[in-house]
>>> print(open('target_13.cif').read())   # mmCIF, C-alpha atoms
data_work
#
loop_
_atom_site.label_atom_id
_atom_site.label_comp_id
_atom_site.auth_asym_id
_atom_site.auth_seq_id
_atom_site.Cartn_x
_atom_site.Cartn_y
_atom_site.Cartn_z
CA MET H 1 11.93 239.87 -74.28
CA GLU H 2 9.55 237.69 -72.30
CA ALA H 3 8.79 238.73 -68.76
CA THR H 4 8.17 235.25 -67.44
CA VAL H 5 10.11 232.12 -67.99
CA VAL H 6 7.69 229.55 -69.26
CA LYS H 7 10.05 226.65 -69.64
CA THR H 8 12.65 225.72 -67.09
CA GLY H 9 14.61 223.55 -69.40
CA THR H 10 14.50 220.71 -66.89
CA GLU H 11 11.61 218.75 -68.34
CA GLY H 12 12.22 215.06 -68.08
CA LYS H 13 15.19 215.60 -65.82
CA THR H 14 15.46 214.83 -62.11
CA TRP H 15 14.38 218.30 -61.06
CA GLY H 16 11.65 218.57 -63.62
CA GLY H 17 8.97 217.40 -61.24
CA GLY H 18 6.78 214.34 -61.24
CA ASN H 19 9.29 212.31 -59.27
CA ARG H 20 8.53 210.23 -56.23
CA PRO H 21 11.41 210.72 -53.84
CA LEU H 22 12.20 207.59 -51.80
CA ASN H 23 9.56 205.81 -53.85
CA ALA H 24 6.79 207.13 -51.65
CA SER H 25 3.80 209.12 -52.82
CA TYR H 26 3.45 212.75 -51.78
CA GLY H 27 0.69 212.03 -49.25
CA LYS H 28 2.52 209.19 -47.58
CA MET H 29 5.71 211.20 -47.39
CA MET H 30 3.91 214.11 -45.76
CA MET H 31 2.29 211.75 -43.27
CA TRP H 32 5.75 210.50 -42.34
CA PHE H 33 6.96 214.09 -41.95
CA PHE H 34 4.10 214.71 -39.57
CA ILE H 35 4.69 211.48 -37.67
CA VAL H 36 8.38 212.21 -37.11
CA SER H 37 7.66 215.72 -35.85
CA ASP H 38 4.82 214.48 -33.63
CA ALA H 39 7.10 211.76 -32.30
CA LEU H 40 9.56 214.47 -31.31
CA THR H 41 6.78 216.37 -29.52
CA PHE H 42 5.85 213.29 -27.54
CA SER H 43 9.49 212.57 -26.74
CA GLY H 44 9.75 216.11 -25.43
CA PHE H 45 6.88 215.40 -23.04
CA ILE H 46 8.15 212.02 -21.94
CA ALA H 47 11.70 213.32 -21.52
CA SER H 48 10.45 216.19 -19.37
CA TYR H 49 8.54 213.63 -17.32
CA GLY H 50 11.87 211.82 -16.91
CA PHE H 51 13.52 215.09 -15.93
CA SER H 52 11.00 215.77 -13.16
CA ARG H 53 11.11 212.20 -12.03
CA PHE H 54 14.90 212.24 -11.76
CA LYS H 55 14.64 215.52 -9.89
CA PHE H 56 12.46 213.83 -7.25
CA ILE H 57 13.69 210.29 -7.78
CA ASP H 58 13.48 209.40 -4.07
CA ALA H 59 9.88 210.55 -3.67
CA TRP H 60 8.06 209.51 -6.82
CA PRO H 61 4.75 207.58 -6.62
CA ILE H 62 4.82 203.91 -7.63
CA ALA H 63 2.47 203.57 -10.58
CA ASP H 64 1.03 200.17 -9.73
CA GLU H 65 -0.03 201.47 -6.33
CA VAL H 66 -1.87 204.27 -8.08
CA PHE H 67 -3.65 202.48 -10.91
CA THR H 68 -5.18 199.49 -9.14
CA HIS H 69 -8.76 199.65 -10.32
CA VAL H 70 -10.76 197.71 -12.85
CA PRO H 71 -14.31 198.74 -13.77
CA PHE H 72 -17.05 196.66 -12.06
CA LEU H 73 -14.52 195.11 -9.67
CA HIS H 74 -14.85 197.48 -6.81
CA GLY H 75 -12.37 197.01 -4.00
CA VAL H 76 -10.38 194.30 -5.77
CA PRO H 77 -6.80 195.49 -6.05
CA ALA H 78 -5.71 194.67 -9.59
CA PRO H 79 -2.63 196.67 -10.45
CA MET H 80 -1.97 197.09 -14.14
CA TYR H 81 -4.58 194.68 -15.50
CA TYR H 82 -6.79 197.41 -16.83
CA VAL H 83 -3.95 199.29 -18.48
CA ALA H 84 -2.77 196.02 -20.00
CA PHE H 85 -6.29 195.53 -21.34
CA MET H 86 -6.26 199.04 -22.83
CA THR H 87 -2.88 198.34 -24.45
CA LEU H 88 -4.21 195.16 -26.03
CA VAL H 89 -7.32 196.95 -27.30
CA LEU H 90 -5.14 199.54 -28.99
CA ILE H 91 -2.79 196.95 -30.49
CA PHE H 92 -5.76 194.97 -31.72
CA SER H 93 -7.31 198.00 -33.36
CA SER H 94 -3.95 198.52 -35.04
CA VAL H 95 -4.20 194.99 -36.39
CA THR H 96 -7.67 195.56 -37.85
CA MET H 97 -6.38 198.81 -39.35
CA VAL H 98 -3.47 197.11 -41.07
CA LEU H 99 -5.87 194.40 -42.29
CA ALA H 100 -8.05 197.17 -43.75
CA VAL H 101 -5.00 198.57 -45.56
CA ASP H 102 -4.22 195.10 -46.87
CA ALA H 103 -7.80 194.61 -48.07
CA GLY H 104 -7.57 198.05 -49.69
CA HIS H 105 -4.55 196.97 -51.71
CA LYS H 106 -6.64 194.10 -53.01
CA MET H 107 -9.57 196.44 -53.72
CA GLN H 108 -11.93 194.49 -51.42
CA LYS H 109 -14.33 197.23 -50.44
CA ASN H 110 -16.49 195.25 -48.01
CA LYS H 111 -13.53 193.94 -46.08
CA VAL H 112 -12.12 197.45 -45.77
CA ILE H 113 -15.46 198.64 -44.39
CA TRP H 114 -15.61 195.93 -41.74
CA TYR H 115 -12.00 196.24 -40.65
CA MET H 116 -12.27 200.01 -40.37
CA PHE H 117 -15.45 199.57 -38.36
CA PHE H 118 -13.64 197.36 -35.83
CA THR H 119 -10.76 199.85 -35.71
CA ILE H 120 -13.15 202.66 -34.83
CA ILE H 121 -14.81 200.55 -32.12
CA GLY H 122 -11.38 199.72 -30.65
CA GLY H 123 -10.43 203.38 -30.60
CA ALA H 124 -13.69 204.32 -28.91
CA VAL H 125 -13.21 201.61 -26.26
CA PHE H 126 -9.74 202.93 -25.59
CA VAL H 127 -10.82 206.58 -25.23
CA GLY H 128 -13.68 205.48 -22.96
CA SER H 129 -11.28 203.46 -20.80
CA GLN H 130 -8.99 206.42 -20.52
CA ALA H 131 -11.85 208.66 -19.45
CA TRP H 132 -12.76 206.11 -16.78
CA GLU H 133 -9.18 205.97 -15.60
CA TRP H 134 -8.99 209.73 -15.36
CA ALA H 135 -12.22 209.82 -13.37
CA THR H 136 -10.93 207.18 -10.95
CA PHE H 137 -7.63 208.99 -10.57
CA ILE H 138 -9.31 212.36 -9.95
CA LYS H 139 -11.77 210.88 -7.45
CA GLY H 140 -8.96 209.31 -5.45
CA ASP H 141 -8.67 206.26 -3.34
CA TYR H 142 -7.71 206.41 0.32
CA GLY H 143 -7.15 210.11 0.85
CA ALA H 144 -4.04 211.57 2.44
CA VAL H 145 -2.72 214.46 4.47
CA GLU H 146 -0.52 217.12 2.99
CA THR H 147 2.21 218.67 5.13
CA LYS H 148 3.19 222.31 5.36
CA GLY H 149 6.07 221.52 3.01
CA GLY H 150 3.69 220.07 0.43
CA LYS H 151 4.62 216.44 1.08
CA ILE H 152 2.02 213.68 1.17
CA LEU H 153 1.40 211.48 4.23
CA GLN H 154 -0.61 208.31 3.69
CA PHE H 155 -2.06 206.01 6.34
CA LEU H 156 -1.39 202.35 7.01
CA ASP H 157 -2.44 199.96 9.73
CA THR H 158 0.16 197.95 11.61
CA ASP H 159 -0.19 195.09 9.11
CA GLY H 160 1.04 197.43 6.40
CA LYS H 161 -2.33 197.74 4.64
CA ARG H 162 -3.55 201.09 3.38
CA VAL H 163 -6.35 202.71 5.38
CA ALA H 164 -8.78 205.23 3.96
CA ILE H 165 -9.20 208.44 5.94
CA ALA H 166 -12.97 207.92 5.87
CA ASP H 167 -12.48 204.78 7.98
CA PHE H 168 -10.97 206.52 10.97
CA ALA H 169 -11.71 210.24 10.79
CA VAL H 170 -14.01 211.36 13.60
CA ASP H 171 -16.90 213.69 13.16
CA LEU H 172 -16.16 216.92 14.94
CA PRO H 173 -19.01 219.38 15.15
CA THR H 174 -17.49 222.52 13.73
CA GLU H 175 -19.06 225.74 12.79
CA ARG H 176 -17.72 226.81 9.47
CA ALA H 177 -18.68 230.32 8.58
CA VAL H 178 -19.07 230.55 4.85
CA ASN H 179 -17.48 233.70 3.61
CA GLU H 180 -19.90 235.86 1.77
CA ARG H 181 -19.61 238.85 -0.47
CA ASN H 182 -21.11 241.32 2.00
CA THR H 183 -18.75 240.38 4.87
CA GLY H 184 -15.43 240.53 3.07
CA VAL H 185 -13.35 243.55 2.34
CA TRP H 186 -11.71 241.77 -0.53
CA PHE H 187 -13.74 238.75 -1.45
CA ASP H 188 -13.43 236.53 -4.46
CA THR H 189 -15.00 233.14 -3.92
CA GLU H 190 -14.50 230.18 -1.64
CA PRO H 191 -10.86 229.23 -2.21
CA GLU H 192 -10.94 225.49 -2.80
CA THR H 193 -13.36 222.62 -2.94
CA LEU H 194 -13.88 221.34 0.58
CA THR H 195 -12.76 217.84 1.45
CA THR H 196 -15.09 215.35 3.10
CA PHE H 197 -13.18 215.65 6.36
CA SER H 198 -11.24 218.53 7.80
CA PHE H 199 -7.63 218.08 8.84
CA GLU H 200 -8.66 218.36 12.52
CA GLU H 201 -11.09 215.46 12.12
CA VAL H 202 -8.47 213.25 10.48
CA LYS H 203 -5.90 214.19 13.12
CA ALA H 204 -8.28 213.39 16.01
CA GLY H 205 -9.18 210.07 14.42
CA PHE H 206 -5.52 209.26 13.85
CA LEU H 207 -4.60 209.99 17.48
CA ALA H 208 -7.51 207.89 18.74
CA ASN H 209 -6.49 204.77 16.77
CA ASP H 210 -3.25 203.24 18.06
CA ASN H 211 -2.85 200.86 15.13
CA LEU H 212 -2.42 203.61 12.52
CA LEU H 213 0.92 204.56 11.03
CA VAL H 214 2.05 207.21 8.60
CA ARG H 215 3.78 206.47 5.35
CA THR H 216 5.82 209.23 3.73
CA GLN H 217 6.40 209.60 0.01
CA TYR H 218 10.15 209.07 0.41
CA LEU H 219 11.39 205.74 -0.83
CA ASN H 220 13.74 203.57 1.23
CA GLU H 221 16.67 201.52 -0.10
CA LYS H 222 14.29 198.81 -1.32
CA GLY H 223 12.35 201.37 -3.34
CA GLU H 224 9.30 201.26 -1.08
CA PRO H 225 7.76 204.28 0.67
CA THR H 226 9.10 204.77 4.20
CA VAL H 227 6.74 203.79 7.03
CA LEU H 228 7.20 205.74 10.28
CA SER H 229 6.87 204.31 13.79
CA ARG H 230 3.82 205.25 15.83
CA GLU H 231 5.70 207.96 17.78
CA GLU H 232 7.24 209.44 14.64
CA SER H 233 3.85 209.29 12.94
CA ILE H 234 2.16 211.25 15.73
CA ALA H 235 4.93 213.82 15.73
CA LYS H 236 4.73 214.14 11.95
CA ILE H 237 0.97 214.65 11.92
CA GLU H 238 0.99 217.08 14.83
CA ASN H 239 3.91 219.19 13.69
CA ASP H 240 3.68 219.10 9.91
CA GLY H 241 0.13 218.15 8.92
CA LYS H 242 -1.79 220.89 7.22
CA LEU H 243 -4.67 219.76 5.06
CA VAL H 244 -6.55 216.78 3.73
CA VAL H 245 -6.15 215.73 0.10
CA GLU H 246 -8.68 213.53 -1.67
CA GLY H 247 -7.91 212.48 -5.20
CA ALA H 248 -5.74 214.36 -7.61
CA ASN H 249 -5.87 217.54 -9.61
CA LEU H 250 -3.28 219.85 -11.10
CA ILE H 251 -2.31 221.31 -7.71
CA ARG H 252 -2.71 218.51 -5.17
CA ASN H 253 -2.27 214.79 -5.50
CA GLU H 254 -3.01 212.27 -2.78
CA TYR H 255 -0.81 209.65 -4.44
CA GLY H 256 2.40 211.63 -4.05
CA HIS H 257 4.17 214.37 -5.89
CA PRO H 258 1.77 216.78 -7.69
CA LEU H 259 4.02 216.68 -10.78
CA PHE H 260 3.10 213.03 -11.20
CA ALA H 261 -0.56 214.01 -11.58
CA ASP H 262 0.34 216.94 -13.83
CA PHE H 263 2.32 214.78 -16.21
CA PHE H 264 -0.29 212.07 -16.09
CA PHE H 265 -3.01 214.47 -17.17
CA PHE H 266 -0.79 216.16 -19.70
CA ILE H 267 0.75 213.15 -21.44
CA THR H 268 -2.17 210.71 -21.36
CA GLY H 269 -4.43 213.64 -22.19
CA PHE H 270 -2.39 214.61 -25.22
CA HIS H 271 -2.27 211.00 -26.29
CA GLY H 272 -6.00 210.60 -25.68
CA PHE H 273 -6.58 213.65 -27.85
CA HIS H 274 -4.59 211.94 -30.61
CA VAL H 275 -6.71 208.80 -30.26
CA PHE H 276 -9.85 210.90 -30.34
CA SER H 277 -8.82 212.77 -33.49
CA GLY H 278 -7.69 209.44 -34.97
CA VAL H 279 -11.17 208.02 -34.40
CA ILE H 280 -12.74 211.08 -36.04
CA ILE H 281 -10.44 210.83 -39.07
CA ASN H 282 -11.10 207.09 -39.27
CA ILE H 283 -14.85 207.74 -39.26
CA ILE H 284 -14.50 210.21 -42.12
CA ILE H 285 -12.47 207.74 -44.19
CA PHE H 286 -14.89 204.97 -43.19
CA PHE H 287 -17.78 206.87 -44.74
CA ASN H 288 -15.69 207.65 -47.81
CA VAL H 289 -15.06 203.93 -48.23
CA ILE H 290 -18.76 203.18 -47.90
CA LEU H 291 -19.60 205.87 -50.46
CA GLY H 292 -17.13 204.24 -52.83
CA THR H 293 -14.81 207.22 -53.16
CA TYR H 294 -11.68 205.08 -53.25
CA GLU H 295 -13.34 202.46 -55.42
CA ARG H 296 -13.82 205.15 -58.08
CA ARG H 297 -10.34 206.53 -57.43
CA LYS H 298 -9.10 202.98 -58.02
CA ASN H 299 -6.79 203.05 -55.04
CA TYR H 300 -7.16 202.94 -51.28
CA GLU H 301 -4.03 204.90 -50.40
CA MET H 302 -6.05 207.23 -48.19
CA VAL H 303 -6.81 204.28 -45.92
CA GLU H 304 -3.10 203.57 -45.77
CA LYS H 305 -2.34 207.16 -44.76
CA VAL H 306 -4.85 207.28 -41.89
CA GLY H 307 -3.57 203.83 -41.02
CA LEU H 308 -0.09 205.28 -40.56
CA TYR H 309 -1.48 207.87 -38.17
CA TRP H 310 -3.43 205.24 -36.28
CA HIS H 311 -0.39 202.98 -35.86
CA PHE H 312 1.60 205.97 -34.69
CA VAL H 313 -0.96 206.58 -31.92
CA ASP H 314 -0.52 202.93 -30.93
CA LEU H 315 3.25 203.32 -31.04
CA VAL H 316 3.15 206.30 -28.70
CA TRP H 317 0.96 204.37 -26.28
CA VAL H 318 3.55 201.59 -26.15
CA PHE H 319 6.03 204.15 -24.83
CA VAL H 320 3.56 205.88 -22.50
CA PHE H 321 2.66 202.47 -21.07
CA THR H 322 6.30 201.68 -20.36
CA PHE H 323 7.34 204.99 -18.90
CA PHE H 324 4.19 205.74 -16.93
CA TYR H 325 3.09 202.36 -15.71
CA LEU H 326 6.03 199.97 -15.82
CA VAL H 327 9.37 201.67 -15.22
CA MET P 1 -1.63 198.50 -56.97
CA ALA P 2 1.20 196.11 -57.22
CA HIS P 3 2.52 196.01 -53.71
CA GLU P 4 5.41 193.82 -52.80
CA HIS P 5 5.43 192.65 -49.20
CA LYS P 6 8.36 191.09 -47.47
CA LEU P 7 6.82 188.15 -45.72
CA GLU P 8 9.37 187.14 -43.14
CA ILE P 9 10.18 188.40 -39.67
CA PHE P 10 12.98 187.64 -37.19
CA ARG P 11 15.49 187.83 -40.07
CA GLY P 12 13.80 185.03 -41.97
CA LEU P 13 13.26 182.70 -39.02
CA TRP P 14 9.52 183.02 -39.35
CA LYS P 15 8.14 183.06 -42.89
CA PHE P 16 4.53 183.70 -43.82
CA LYS P 17 2.52 182.69 -46.83
CA SER P 18 0.51 185.90 -47.10
CA ASN P 19 0.55 189.44 -45.78
CA VAL P 20 -2.57 188.74 -43.71
CA SER P 21 -0.99 185.84 -41.88
CA LYS P 22 2.12 187.94 -41.28
CA ILE P 23 -0.06 190.59 -39.62
CA TRP P 24 -1.58 188.00 -37.28
CA GLY P 25 1.86 186.59 -36.53
CA VAL P 26 3.18 190.01 -35.57
CA PHE P 27 0.07 190.59 -33.47
CA ALA P 28 0.67 187.32 -31.60
CA PHE P 29 4.27 188.33 -30.98
CA LEU P 30 3.26 191.78 -29.68
CA CYS P 31 0.72 190.15 -27.34
CA VAL P 32 3.36 187.81 -25.94
CA VAL P 33 5.77 190.72 -25.34
CA THR P 34 3.04 192.76 -23.62
CA ALA P 35 2.07 189.77 -21.47
CA VAL P 36 5.70 189.35 -20.38
CA GLU P 37 5.90 193.07 -19.52
CA VAL P 38 2.70 193.01 -17.49
CA TYR P 39 3.73 189.80 -15.71
CA LEU P 40 7.10 191.30 -14.74
CA GLY P 41 5.44 194.58 -13.79
CA ILE P 42 3.06 192.87 -11.39
CA THR P 43 5.43 190.33 -9.84
CA LYS P 44 8.56 192.52 -9.84
CA PRO P 45 11.00 189.64 -9.21
CA GLU P 46 13.53 190.48 -6.48
CA ALA P 47 16.42 189.27 -8.61
CA LEU P 48 15.69 191.92 -11.20
CA THR P 49 14.90 194.86 -8.92
CA GLN P 50 17.81 194.53 -6.48
CA HIS P 51 20.58 194.53 -9.03
CA ARG P 52 21.61 197.27 -11.36
CA PHE P 53 23.40 197.45 -14.65
CA LEU P 54 24.81 200.88 -15.62
CA ALA P 55 22.88 202.58 -12.79
CA MET P 56 19.54 201.16 -13.90
CA LYS P 57 17.62 198.21 -12.49
CA TRP P 58 17.64 195.10 -14.66
CA LEU P 59 13.87 195.13 -14.66
CA ASN P 60 13.80 198.60 -16.21
CA TRP P 61 16.36 197.55 -18.83
CA ILE P 62 14.05 194.68 -19.76
CA PHE P 63 11.02 196.98 -19.98
CA ILE P 64 12.78 199.51 -22.17
CA ILE P 65 14.29 196.91 -24.48
CA LEU P 66 10.96 195.11 -24.87
CA THR P 67 9.32 198.46 -25.63
CA LEU P 68 11.84 199.14 -28.38
CA VAL P 69 11.23 195.65 -29.75
CA LYS P 70 7.50 196.35 -29.87
CA ALA P 71 8.11 199.74 -31.48
CA TYR P 72 10.27 198.05 -34.13
CA TYR P 73 7.57 195.57 -35.14
CA ILE P 74 4.81 198.18 -35.13
CA THR P 75 6.85 200.47 -37.37
CA TRP P 76 8.26 197.76 -39.61
CA ASP P 77 5.19 195.61 -40.16
CA PHE P 78 2.12 197.67 -39.30
CA MET P 79 3.46 200.91 -40.76
CA HIS P 80 5.05 198.99 -43.68
CA GLN P 81 8.54 200.43 -43.20
CA ARG P 82 9.84 196.96 -44.07
CA ASP P 83 8.52 197.51 -47.59
CA GLU P 84 9.81 201.06 -48.02
CA THR P 85 13.19 202.00 -49.44
CA LYS P 86 16.20 201.88 -47.16
CA ALA P 87 16.72 205.64 -47.46
CA MET P 88 13.15 206.30 -46.37
CA ARG P 89 13.53 204.05 -43.32
CA ARG P 90 16.75 205.72 -42.30
CA ALA P 91 15.43 209.25 -42.81
CA VAL P 92 12.57 208.50 -40.45
CA VAL P 93 14.25 206.33 -37.86
CA TRP P 94 17.65 207.92 -37.48
CA THR P 95 16.32 211.48 -37.29
CA ALA P 96 14.05 210.54 -34.43
CA VAL P 97 16.53 208.26 -32.69
CA PHE P 98 19.40 210.75 -32.65
CA LEU P 99 17.32 213.70 -31.47
CA ILE P 100 15.46 211.71 -28.83
CA CYS P 101 18.61 210.12 -27.42
CA TYR P 102 20.22 213.50 -27.11
CA LEU P 103 17.18 215.07 -25.47
CA ILE P 104 16.80 212.25 -22.97
CA LEU P 105 20.50 212.23 -22.12
CA ILE P 106 20.65 215.94 -21.48
CA LEU P 107 17.41 216.16 -19.48
CA LEU P 108 18.08 213.15 -17.29
CA ILE P 109 21.58 214.36 -16.43
CA GLU P 110 20.17 217.75 -15.54
CA GLY P 111 17.37 216.22 -13.46
CA ASP P 112 19.83 214.06 -11.57
CA TYR P 113 22.04 217.09 -10.93
CA ILE P 114 19.15 219.07 -9.45
CA PHE P 115 18.23 216.07 -7.32
CA ASP P 116 21.75 216.03 -5.90
CA ILE P 117 21.59 219.74 -5.13
CA TYR P 118 18.28 219.38 -3.31
CA LYS P 119 19.67 216.46 -1.38
CA GLU P 120 23.06 217.86 -0.41
CA ASN P 121 21.74 221.39 0.18
CA TYR P 122 24.84 222.66 -1.45
CA VAL P 123 24.54 224.90 -4.45
CA LYS P 124 27.63 224.39 -6.52
CA PHE P 125 26.73 227.05 -8.99
CA ASP P 126 23.67 229.01 -9.86
CA PHE P 127 21.36 226.74 -11.80
#
>>> encode(input="target_13.cif", output="structure tokens")
Amino acid sequence: MEATVVKTGTEGKTWGGGNRPLNASYGKMMMWFFIVSDALTFSGFIASYGFSRFKFIDAWPIADEVFTHVPFLHGVPAPMYYVAFMTLVLIFSSVTMVLAVDAGHKMQKNKVIWYMFFTIIGGAVFVGSQAWEWATFIKGDYGAVETKGGKILQFLDTDGKRVAIADFAVDLPTERAVNERNTGVWFDTEPETLTTFSFEEVKAGFLANDNLLVRTQYLNEKGEPTVLSREESIAKIENDGKLVVEGANLIRNEYGHPLFADFFFFITGFHGFHVFSGVIINIIIFFNVILGTYERRKNYEMVEKVGLYWHFVDLVWVFVFTFFYLV
Amino acid sequence: MAHEHKLEIFRGLWKFKSNVSKIWGVFAFLCVVTAVEVYLGITKPEALTQHRFLAMKWLNWIFIILTLVKAYYITWDFMHQRDETKAMRRAVVWTAVFLICYLILILLIEGDYIFDIYKENYVKFDF
């Protein structure tokens, strides 16, 4: 009696192996498996963004007041243009990728090389743009005051234009004793990075300038942040003001609710990581093409598989663009 | 590799001679859609932001529908789902669509509920 079954008796039958389910090769099928599961991960993130936004629907920052910068155009308010540019770069690099796949089907090695090269450049431009946008977001714009309840107060002049705290804060000579290890009973480190101005300086400057108003993060019926009258503004600053916020990080956010910054870093960061790994994978395949690996293999399906991943990254960006910047 | 490409989009309204020209055509279409989105996002026409359909602003309906249109053409033409078998397309698309719709529905309802509780200061039940 044989211990192992050598033949299954299914050779040549459906379950005998060697089939291509759904007419797709193993590699392509697995790439689609991955893409569907990754799409669900991203939907989880975007849906939780929606959850938090619905939770604070009347106090959520307006994206095109946040992302108004374009590199080299300092001080020119240009909402959205740069993100639109990034979107087009990513779509265009998708086009060169699909052209590379097409050239691969026709076994045109040199065309594949050039198209993949342009794809990699496009991906690099996109990641660089995203890094720049993060830096701008972290650095901040006008600065704001945070209340005791953790709400953000921004400053406007009577014409309704935003005013930076640096433009009106006075310079108060204050002695700030730096806490040191030998003076503290229980001493860790300085708690937070210091802002350019203290809250007292901003408050004094605000009280001295009669044309300044406070804007809260709550939206009125027209969907615009509520602007308080001068008296209400003074009362708000004096009673509720607590500290100065410049820029955004995971805890504080001068543009509005901190969750907005958290989700921005998390979702665009996770997407940026996908773009980055996509560029790396593309570079690997790019060198394989140059070395003639697929020429010898007599098919360029590998290019098609990384292409699928690359288009998926583009696809996710289309959704991130809509739900972060447009809606 | 003998690859058959379907060379028409918009249900045959726009036919292409080669796969390469189809790619450029789809690219042009995606650019136009993005341009429309950005234009509407910057101008925010009053007519579209002041009126709602099923609790959502018309403008947001337009954005979401245009996004789905873009997603369709990226998946169908760039990711070649148009050339795959019908079963393959459905396995990919329907799985994602059903799960995502459910997730979004449930989370947005919950978020809206918590918003109401914060606003009314009235805890209906422990959440």
>>> closest_residue(input="target_13.cif", among="H:Tyr294, H:Phe67, H:Phe199, H:Trp317", to="Ile91 of chain H", atoms="all atoms listed in the file")
H:Trp317
>>> resolve_selection(input="target_13.cif", expression="the PyMOL selection byres ((chain P) within 6 of (chain H))", output="list in words")
Gly41, Asn60, Phe78, Met79, Met88, Ile104, Leu107, Leu108, Gly111, Asp112, Ile114 and Phe115 of chain P
>>> atom_distance(input="target_13.cif", atom1="atom CA of Leu30 of chain P", atom2="atom CA of Leu66 of chain P")
9.7 Å
>>> atom_distance(input="target_13.cif", atom1="atom CA of Val145 of chain H", atom2="atom CA of Val66 of chain H")
16.2 Å
>>> residues_around(input="target_13.cif", residues="Lys70 of chain P", least_positions_apart="3", cutoff="10 Å", atoms="all atoms listed in the file", output="ChimeraX atom specification")
/H:315,318-319 /P:26,29-31,33-34,64-67,73-76
>>> residues_around(input="target_13.cif", residues="Phe155 of chain H", least_positions_apart="6", cutoff="10 Å", atoms="only C-alpha atoms", output="ChimeraX atom specification")
/H:142-145,161-165,206,212-216,227,233
>>> axis_aligned_box(input="target_13.cif", around="segment 17-33 of chain P", padding_each_side="5 Å", output="lines of an AutoDock Vina configuration file")
center_x = 1.6
center_y = 187.2
center_z = -36.2
size_x = 18.3
size_y = 19.1
size_z = 31.8
>>> resolve_selection(input="target_13.cif", expression="the PyMOL selection byres ((chain H and resi 289) around 9)", output="JSON, numbers by chain")
{"H": [109, 110, 112, 113, 284, 285, 286, 287, 288, 290, 291, 292, 293, 294, 295, 300, 303]}
>>> resolve_selection(input="target_13.cif", expression="the PyMOL selection byres ((chain P and resi 57) around 12)", output="list in words")
Lys222, Gly223 and Val327 of chain H; Lys44, Pro45, Glu46, Ala47, Leu48, Thr49, Gln50, His51, Arg52, Phe53, Leu54, Ala55, Met56, Trp58, Leu59, Asn60, Trp61, Ile62, Phe63 and Ile64 of chain P
>>> atom_distance(input="target_13.cif", atom1="atom CA of Phe10 of chain P", atom2="atom CA of Ala91 of chain P")
22.5 Å
>>> residues_around(input="target_13.cif", residues="Ile267 of chain H", least_positions_apart="4", cutoff="7 Å", atoms="all atoms listed in the file", output="ChimeraX atom specification")
/H:45,263,271
>>> residues_around(input="target_13.cif", residues="Gly150 of chain H", least_positions_apart="2", cutoff="12 Å", atoms="all atoms listed in the file", output="MDAnalysis selection string")
chainID H and resid 144:148 152:153 216:217 240:245 251:254 256:259
>>> residues_around(input="target_13.cif", residues="Val170 of chain H", least_positions_apart="5", cutoff="7 Å", atoms="only C-alpha atoms", output="VMD selection string")
chain H and resid 201 to 202 204 to 205
>>> closest_residue(input="target_13.cif", among="H:Met31, H:Pro77, H:Gly122, H:Pro71", to="Phe276 of chain H", atoms="all atoms listed in the file")
H:Gly122
>>> decode(input="target_13.cif", residues="segment 48-55 of chain P", atoms="N, CA, C and O atoms", output="CSV table (one decimal), in the first residue's frame")
chain,number,residue,atom,x,y,z
P,48,LEU,N,-25.5,76.3,-6.9
P,48,LEU,CA,-25.3,74.9,-6.6
P,48,LEU,C,-25.0,74.7,-5.1
P,48,LEU,O,-25.1,73.6,-4.6
P,49,THR,N,-24.6,75.8,-4.4
P,49,THR,CA,-24.3,75.6,-3.0
P,49,THR,C,-25.5,75.8,-2.1
P,49,THR,O,-25.5,75.4,-1.0
P,50,GLN,N,-26.5,76.6,-2.6
P,50,GLN,CA,-27.6,77.0,-1.7
P,50,GLN,C,-28.7,76.0,-1.8
P,50,GLN,O,-29.7,76.1,-1.0
P,51,HIS,N,-28.7,75.1,-2.7
P,51,HIS,CA,-29.8,74.1,-2.8
P,51,HIS,C,-29.3,72.7,-2.6
P,51,HIS,O,-28.2,72.4,-3.0
P,52,ARG,N,-30.2,71.9,-2.0
P,52,ARG,CA,-29.8,70.6,-1.7
P,52,ARG,C,-30.7,69.6,-2.3
P,52,ARG,O,-31.8,69.8,-2.6
P,53,PHE,N,-30.1,68.4,-2.6
P,53,PHE,CA,-30.8,67.3,-3.1
P,53,PHE,C,-30.5,66.1,-2.2
P,53,PHE,O,-29.3,65.8,-2.0
P,54,LEU,N,-31.5,65.5,-1.6
P,54,LEU,CA,-31.3,64.4,-0.6
P,54,LEU,C,-30.2,64.8,0.4
P,54,LEU,O,-29.2,64.1,0.6
P,55,ALA,N,-30.4,65.9,1.1
P,55,ALA,CA,-29.6,66.4,2.2
P,55,ALA,C,-28.2,66.8,1.8
P,55,ALA,O,-27.3,67.0,2.6
